[in-house]
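*Asks:* What follows is final-v3.cif, made up of mmCIF, C-alpha atoms:
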data_input
loop_
_atom_site.label_atom_id
_atom_site.label_comp_id
_atom_site.auth_asym_id
_atom_site.auth_seq_id
_atom_site.Cartn_x
_atom_site.Cartn_y
_atom_site.Cartn_z
CA MET A 6 38.43 18.15 33.04
CA ILE A 7 34.93 17.15 34.06
CA PRO A 8 34.68 14.22 36.49
CA LEU A 9 32.40 11.33 35.52
CA SER A 10 30.13 12.05 38.50
CA TRP A 11 28.72 15.21 36.86
CA PHE A 12 27.36 13.25 33.91
CA LEU A 13 25.99 10.49 36.12
CA ILE A 14 24.17 12.96 38.39
CA LEU A 15 22.78 14.84 35.37
CA SER A 16 21.43 11.68 33.81
CA ALA A 17 20.03 10.43 37.14
CA ALA A 18 18.17 13.73 37.52
CA LEU A 19 16.89 13.62 33.94
CA PHE A 20 15.74 10.02 34.37
CA SER A 21 13.91 10.86 37.60
CA ILE A 22 12.15 13.83 35.99
CA GLY A 23 11.12 11.55 33.12
CA LEU A 24 9.80 8.95 35.56
CA PHE A 25 7.81 11.63 37.38
CA GLY A 26 6.32 12.74 34.05
CA VAL A 27 5.40 9.19 33.02
CA LEU A 28 3.68 8.53 36.34
CA SER A 29 1.91 11.87 36.76
CA ARG A 30 0.70 13.02 33.32
CA LYS A 31 -2.78 12.12 32.14
CA ASN A 32 -2.35 12.72 28.43
CA ALA A 33 -0.92 9.73 26.54
CA VAL A 34 1.17 11.94 24.25
CA ALA A 35 2.69 13.67 27.29
CA ILE A 36 3.58 10.26 28.73
CA LEU A 37 5.46 9.46 25.51
CA LEU A 38 7.26 12.82 25.75
CA SER A 39 8.49 11.87 29.22
CA VAL A 40 9.62 8.45 27.97
CA GLU A 41 11.83 10.32 25.50
CA LEU A 42 13.43 12.18 28.43
CA MET A 43 14.22 8.86 30.10
CA LEU A 44 15.76 7.44 26.91
CA ASN A 45 17.96 10.52 26.62
CA ALA A 46 19.15 10.10 30.19
CA VAL A 47 20.20 6.55 29.34
CA ASN A 48 22.04 7.80 26.25
CA ILE A 49 24.02 10.36 28.27
CA ASN A 50 25.07 7.57 30.60
CA LEU A 51 26.14 5.23 27.79
CA VAL A 52 28.24 7.85 26.02
CA ALA A 53 29.77 9.05 29.30
CA PHE A 54 30.88 5.53 30.19
CA TRP A 55 32.36 5.12 26.70
CA ARG A 56 34.31 8.38 27.11
CA TYR A 57 35.60 7.55 30.59
CA GLY A 58 36.47 3.93 29.84
CA ASN A 59 38.58 2.46 27.06
CA ILE A 60 38.01 4.65 23.99
CA ALA A 61 38.89 1.85 21.57
CA TYR A 62 35.80 -0.12 22.62
CA MET A 63 32.91 1.56 20.83
CA ALA A 64 30.20 -0.43 22.62
CA GLY A 65 28.81 2.66 24.40
CA GLN A 66 28.35 4.68 21.23
CA VAL A 67 27.01 1.71 19.25
CA PHE A 68 24.51 0.98 22.00
CA SER A 69 23.32 4.57 22.04
CA ILE A 70 22.83 4.46 18.26
CA ILE A 71 20.66 1.36 18.79
CA VAL A 72 18.76 3.34 21.43
CA PHE A 73 18.17 6.08 18.84
CA ALA A 74 16.70 3.51 16.44
CA VAL A 75 14.53 1.96 19.16
CA ALA A 76 13.33 5.41 20.25
CA ALA A 77 12.33 6.26 16.70
CA ALA A 78 10.45 2.96 16.36
CA GLU A 79 8.80 3.42 19.77
CA VAL A 80 7.60 6.93 18.93
CA ALA A 81 6.25 5.87 15.53
CA VAL A 82 4.28 2.93 16.93
CA GLY A 83 3.26 4.76 20.12
CA LEU A 84 1.89 7.80 18.34
CA ALA A 85 0.11 5.59 15.81
CA LEU A 86 -1.56 3.80 18.74
CA VAL A 87 -2.52 7.12 20.35
CA ILE A 88 -4.05 8.37 17.09
CA SER A 89 -5.90 5.08 16.60
CA VAL A 90 -7.24 5.19 20.18
CA TYR A 91 -8.24 8.83 19.74
CA ARG A 92 -10.15 7.97 16.60
CA ARG A 93 -12.05 5.16 18.30
CA PHE A 94 -12.69 6.52 21.82
CA ASN A 95 -12.30 10.26 21.13
CA THR A 96 -9.94 10.65 24.09
CA VAL A 97 -6.21 10.62 24.78
CA VAL A 98 -6.51 10.56 28.58
CA ALA A 99 -4.76 7.42 29.78
CA ASP A 100 -7.25 6.92 32.66
CA GLU A 101 -10.22 6.73 30.33
CA ILE A 102 -8.70 4.11 28.03
CA ASP A 103 -9.69 1.18 30.25
CA LEU A 104 -11.14 -1.31 27.78
CA MET A 105 -8.72 -4.03 28.91
CA LYS A 106 -8.89 -3.14 32.61
CA TRP A 107 -10.37 -5.90 34.67
CA MET B 4 36.66 26.38 36.42
CA SER B 5 37.47 25.53 32.84
CA ALA B 6 35.44 26.57 29.79
CA LEU B 7 34.31 22.97 29.27
CA GLN B 8 32.87 22.84 32.78
CA ILE B 9 30.98 26.10 32.25
CA ILE B 10 29.54 24.77 28.97
CA PHE B 11 28.53 21.56 30.74
CA LEU B 12 26.81 23.44 33.57
CA ILE B 13 24.87 25.69 31.18
CA ALA B 14 23.76 22.70 29.09
CA ALA B 15 22.80 20.75 32.22
CA ALA B 16 20.74 23.67 33.51
CA VAL B 17 18.97 23.98 30.15
CA ILE B 18 18.26 20.23 30.08
CA LEU B 19 16.88 20.04 33.62
CA VAL B 20 14.74 23.20 33.37
CA SER B 21 13.27 22.13 30.02
CA ALA B 22 12.68 18.58 31.30
CA VAL B 23 10.74 19.95 34.28
CA MET B 24 8.76 22.18 31.93
CA VAL B 25 7.98 19.15 29.70
CA THR B 26 6.35 17.44 32.67
CA LEU B 27 4.54 20.50 34.04
CA THR B 28 3.33 22.60 31.07
CA ARG B 29 -0.39 22.51 30.39
CA ASN B 30 -0.18 23.21 26.68
CA LEU B 31 1.18 20.12 24.94
CA VAL B 32 2.60 22.02 21.97
CA HIS B 33 4.69 24.00 24.44
CA ALA B 34 5.70 20.75 26.16
CA ALA B 35 6.91 19.39 22.80
CA LEU B 36 8.91 22.58 22.20
CA TRP B 37 10.45 22.29 25.69
CA LEU B 38 11.40 18.72 24.75
CA VAL B 39 13.23 20.15 21.71
CA ALA B 40 15.20 22.44 24.07
CA ALA B 41 16.09 19.49 26.30
CA LEU B 42 17.21 17.43 23.29
CA PHE B 43 19.44 20.31 22.14
CA GLY B 44 21.01 20.34 25.59
CA VAL B 45 21.70 16.61 25.33
CA ALA B 46 23.33 17.21 21.91
CA VAL B 47 25.63 19.75 23.59
CA ILE B 48 26.46 17.17 26.27
CA PHE B 49 27.39 14.68 23.53
CA ALA B 50 29.66 17.33 22.01
CA VAL B 51 31.28 17.89 25.43
CA LEU B 52 31.86 14.12 25.59
CA GLU B 53 33.62 14.33 22.19
CA ALA B 54 31.04 12.13 20.48
CA GLY B 55 30.49 14.49 17.54
CA PHE B 56 28.64 11.99 15.38
CA LEU B 57 26.08 11.33 18.11
CA ALA B 58 25.59 15.07 18.65
CA VAL B 59 24.72 15.46 14.97
CA VAL B 60 22.49 12.38 14.99
CA GLN B 61 20.74 13.75 18.09
CA VAL B 62 19.89 16.98 16.28
CA VAL B 63 18.92 15.32 12.99
CA VAL B 64 17.00 12.28 14.24
CA TYR B 65 15.59 13.42 17.59
CA ILE B 66 14.83 17.06 16.85
CA GLY B 67 14.33 16.72 13.11
CA ALA B 68 12.14 13.64 13.15
CA ILE B 69 10.89 12.57 16.58
CA ALA B 70 10.04 16.01 18.00
CA ILE B 71 8.25 17.02 14.80
CA MET B 72 6.27 13.79 14.91
CA PHE B 73 5.25 14.64 18.49
CA ILE B 74 4.01 18.06 17.39
CA PHE B 75 1.98 16.41 14.63
CA ALA B 76 0.44 13.95 17.10
CA VAL B 77 -0.42 16.75 19.53
CA MET B 78 -2.13 18.69 16.78
CA LEU B 79 -4.08 15.62 15.65
CA THR B 80 -5.36 14.74 19.13
CA ARG B 81 -5.51 17.76 21.37
CA ARG B 82 -8.97 19.26 20.83
CA GLU B 83 -10.81 18.49 24.05
CA MET B 84 -7.87 18.03 26.43
CA LEU B 85 -6.54 21.59 26.31
CA ASP B 86 -7.20 23.95 29.24
CA LYS B 87 -9.83 21.69 30.77
CA GLY B 88 -9.35 20.08 34.16
CA PRO B 89 -6.02 19.09 35.70
CA GLN B 90 -3.27 17.72 33.47
CA MET B 91 -2.01 15.48 36.26
CA ASN B 92 -3.22 12.41 38.11
CA LYS B 93 -4.68 12.57 41.57
CA ARG B 94 -1.56 10.75 42.75
CA ALA B 95 0.99 13.08 41.15
CA TRP B 96 2.46 13.80 44.60
CA LEU B 97 3.26 10.09 44.92
CA ALA B 98 5.02 10.20 41.56
CA GLY B 99 7.00 13.23 42.77
CA ILE B 100 8.10 11.45 45.93
CA LEU B 101 9.05 8.38 43.87
CA GLY B 102 11.12 10.50 41.48
CA VAL B 103 12.98 12.26 44.30
CA LEU B 104 13.57 8.93 46.07
CA LEU B 105 14.89 7.33 42.86
CA PHE B 106 17.24 10.26 42.28
CA ALA B 107 18.52 10.25 45.86
CA SER B 108 19.08 6.50 45.94
CA MET B 109 20.81 6.46 42.53
CA VAL B 110 23.18 9.27 43.57
CA TYR B 111 23.85 7.53 46.89
CA MET B 112 24.56 4.18 45.20
CA LEU B 113 26.85 5.82 42.63
CA SER B 114 28.74 7.84 45.24
CA THR B 115 29.79 4.62 46.97
CA TRP B 116 31.39 3.40 43.72
CA VAL B 117 35.20 3.86 43.41
CA GLY B 118 35.07 5.19 39.84
CA PHE B 119 32.62 7.96 40.70
CA ASN B 120 35.11 10.81 40.32
CA LYS B 121 37.04 9.29 37.43
CA LEU B 122 38.62 11.69 34.93
CA PRO B 123 38.21 11.22 31.16
CA THR B 124 40.54 8.97 29.19
CA LEU B 125 43.10 10.84 27.11
CA MET B 126 41.99 10.89 23.49
CA GLY B 127 45.31 11.58 21.76
CA GLU B 128 44.99 11.21 18.01
CA THR B 129 42.31 8.50 18.05
CA ASP B 130 39.83 8.85 15.17
CA THR B 131 36.72 7.76 17.03
CA LEU B 132 34.41 8.27 14.05
CA ALA B 133 36.37 5.78 11.95
CA LEU B 134 36.39 3.40 14.92
CA LEU B 135 32.62 3.74 15.24
CA GLY B 136 32.09 3.09 11.53
CA ASN B 137 34.36 0.07 11.62
CA SER B 138 32.69 -1.42 14.66
CA LEU B 139 29.24 -0.98 13.08
CA LEU B 140 30.25 -2.78 9.89
CA LEU B 141 32.62 -5.44 11.19
CA GLN B 142 31.15 -8.89 11.52
CA SER B 143 33.28 -9.54 14.62
CA ALA B 144 31.84 -6.39 16.21
CA TYR B 145 28.32 -4.96 15.89
CA LEU B 146 27.19 -5.76 12.35
CA LEU B 147 24.30 -7.99 13.49
CA PRO B 148 22.74 -5.49 15.98
CA PHE B 149 23.08 -2.80 13.30
CA GLU B 150 21.13 -4.88 10.77
CA VAL B 151 18.56 -5.92 13.38
CA ALA B 152 17.99 -2.22 14.14
CA SER B 153 17.22 -1.57 10.48
CA VAL B 154 14.76 -4.48 10.40
CA LEU B 155 13.18 -3.12 13.60
CA LEU B 156 12.72 0.30 11.96
CA LEU B 157 11.09 -1.31 8.94
CA ALA B 158 8.75 -3.33 11.16
CA ALA B 159 7.87 -0.18 13.15
CA LEU B 160 7.14 1.69 9.91
CA VAL B 161 4.82 -1.02 8.62
CA GLY B 162 3.17 -1.40 12.05
CA ALA B 163 2.63 2.34 12.48
CA VAL B 164 1.04 2.68 9.04
CA TYR B 165 -1.21 -0.31 9.72
CA VAL B 166 -2.29 0.81 13.21
CA ALA B 167 -2.93 4.44 12.30
CA SER B 168 -4.64 3.83 8.95
CA ASN B 169 -8.34 4.59 8.83
CA ARG B 170 -9.96 1.40 7.61
CA LYS B 171 -13.66 0.82 7.62
#
Would you encode the structure as structure tokens?
*Replies:*
Amino acid sequence: MIPLSWFLILSAALFSIGLFGVLSRKNAVAILLSVELMLNAVNINLVAFWRYGNIAYMAGQVFSIIVFAVAAAEVAVGLALVISVYRRFNTVVADEIDLMKW
Amino acid sequence: MSALQIIFLIAAAVILVSAVMVTLTRNLVHAALWLVAALFGVAVIFAVLEAGFLAVVQVVVYIGAIAIMFIFAVMLTRREMLDKGPQMNKRAWLAGILGVLLFASMVYMLSTWVGFNKLPTLMGETDTLALLGNSLLLQSAYLLPFEVASVLLLAALVGAVYVASNRK
């Protein structure tokens, strides 16, 4: 029997690592990779709360399936944006893409 | 310590090590492959949580589609970034402190909650896959979010093709 706390600590750690990656990496593709880590941490949490609550309510699993769909959409649009930016500015460094920076 | 706990600890170690490598590796193709390792670990965690369908979806959708798309994007964009200059911001230390602080405060907040050391609900003979299918297709349950997700995927597909297409 695994207590719920193990899953919560694991997903908190994974989310924090993802946040660190999002804030520290320069490359836009690497930032998207770290966002995926954060989404996975959220999914672990959702499924863990489903498992440790009332099993008949499938809200946790359904929500994590929606998160899968949103992650797929986010990656498709995000990578398309990165490729488009790369084609126009010839860079993927997030610092150098400052056209809209005031 | 039961076998399930040992499996959980191994999977958690794999996830955390690969996640750290995703954020620290210089070579982005390697970072994408470390992400695949982390996603496999999360699939194992889903299996430990007895959500078999999600474990399979994790492998098929995340590793089969999303990770491969990342590797494609890295190969299309990497030329001048590789092995040149630092891969991190000047303020990466601040991000590190923020991450550690977030982790510490989340664990502290959770440890004050009464259900923190809850044990799993007994499954019995419940067919959770049938329950999941029913709740996705029942109008009184989650039919609308399910359909909205499919429309979202279609919109993302059209948007991605439009944004990435090379028009003169």
*Asks:* Need the shell around Phe54 in chain A: protein/DNA/RNA residues with any atom at most 10 Å away, counting only C-alpha atoms. Skip same-chain ones fewer than 4 positions apart. Format as a ChimeraX atom specification?
*Replies:* /A:9,12-13,48-50,58-60,64-66 /B:52,123
*Asks:* Output C-alpha atoms for every residue in the selection just made, as a compact mmCIF listing (two decimals), in the coordinates of the input.
*Replies:*
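Contents of the output file out_8.txt:
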# COMPACT_ATOMS: atom_id res chain seq x y z
CA LEU A 9 32.40 11.33 35.52
CA PHE A 12 27.36 13.25 33.91
CA LEU A 13 25.99 10.49 36.12
CA ASN A 48 22.04 7.80 26.25
CA ILE A 49 24.02 10.36 28.27
CA ASN A 50 25.07 7.57 30.60
CA GLY A 58 36.47 3.93 29.84
CA ASN A 59 38.58 2.46 27.06
CA ILE A 60 38.01 4.65 23.99
CA ALA A 64 30.20 -0.43 22.62
CA GLY A 65 28.81 2.66 24.40
CA GLN A 66 28.35 4.68 21.23
CA LEU B 52 31.86 14.12 25.59
CA PRO B 123 38.21 11.22 31.16
*Asks:* Take the PyMOL selection byres ((chain A and resi 14) around 12), run it mentally on this structure, and tell me the resulting residues as a count of residues only.
*Replies:* 33
*Asks:* I need the residue nearest chain B from this list: A:Phe94, A:Tyr62, A:Trp107, A:Tyr57. Use all atoms listed in the file for the distance.
*Replies:* A:Tyr57
*Asks:* Taking only C-alpha atoms into account, name the residue in A:Ile7, A:Leu44, A:Asp103, A:Val34 that is nearest to Ile22 in chain A.
*Replies:*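 Looking only at the distances to Ile22 in chain A, the closest residue turns out to be A:Leu44.
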*Asks:* List, as a VMD selection string, every residue that the PyMOL selection byres ((chain A and resi 96) around 10) selects in the file provided.
*Replies:* (chain A and resid 32 to 33 87 to 88 90 to 95 97 to 102) or (chain B and resid 80 to 84)
*Asks:* Let me know the residues the PyMOL selection byres ((chain A and resi 67-75) around 8) catches in the file above, as a ChimeraX atom specification.
*Replies:* /A:44,48,51-52,63-66,76-79 /B:57,64-65,135,138-139,145,148-149,152-153,155-156
*Asks:* Record the distance separating CA of Leu97 in chain B and CA of Val40 in chain A, expressed in Å with one decimal.
*Replies:*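 Computing it gives 18.2 Å between the two atoms.
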*Asks:* May I ask for the distance between CA of Val17 in chain B and CA of Gly23 in chain A, given in Å to one decimal place?
*Replies:* 15.0 Å
*Asks:* To one decimal place, how far is CA of Ala46 in chain B from CA of Ala16 in chain B in Å?
*Replies:*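 CA of Ala16 in chain B lies at a distance of 13.5 Å from CA of Ala46 in chain B.
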*Asks:* Any chance you could work out the axis-aligned box around range 47-57 of chain A, listed atoms only, 8 Å on each side, giving centre and edge lengths in Å to one decimal, as AutoDock Vina command-line options?
*Replies:*
--center_x 27.9 --center_y 7.7 --center_z 28.3 --size_x 31.4 --size_y 21.2 --size_z 20.6
*Asks:* Within 10 Å of (6.5, 20.0, 23.4) in the file's own coordinates, which protein, DNA or RNA residues have an atom, counting all atoms listed in the file? List them as a ChimeraX atom specification.
*Replies:* /A:34-35,38 /B:21,24-26,28,30-40,70-71,73-74,77
*Asks:* Compare B:Gly127, B:Gly118, B:Gly162, B:Pro89 by their minimum atom-to-atom distance to Arg30 in chain A, counting all atoms listed in the file, and give me the closest one.
*Replies:*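 Comparing B:Gly127, B:Gly118, B:Gly162, B:Pro89 against Arg30 in chain A, the winner is B:Pro89.
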*Asks:* Which one of B:Ala159, B:Leu104, B:Val51, B:Met4 sits closest to chain A if you count only C-alpha atoms?
*Replies:* B:Ala159
*Asks:* For chain A, which of B:Leu146, B:Val117, B:Ile69, B:Leu140 is the closest residue, counting all atoms listed in the file?
*Replies:* B:Ile69
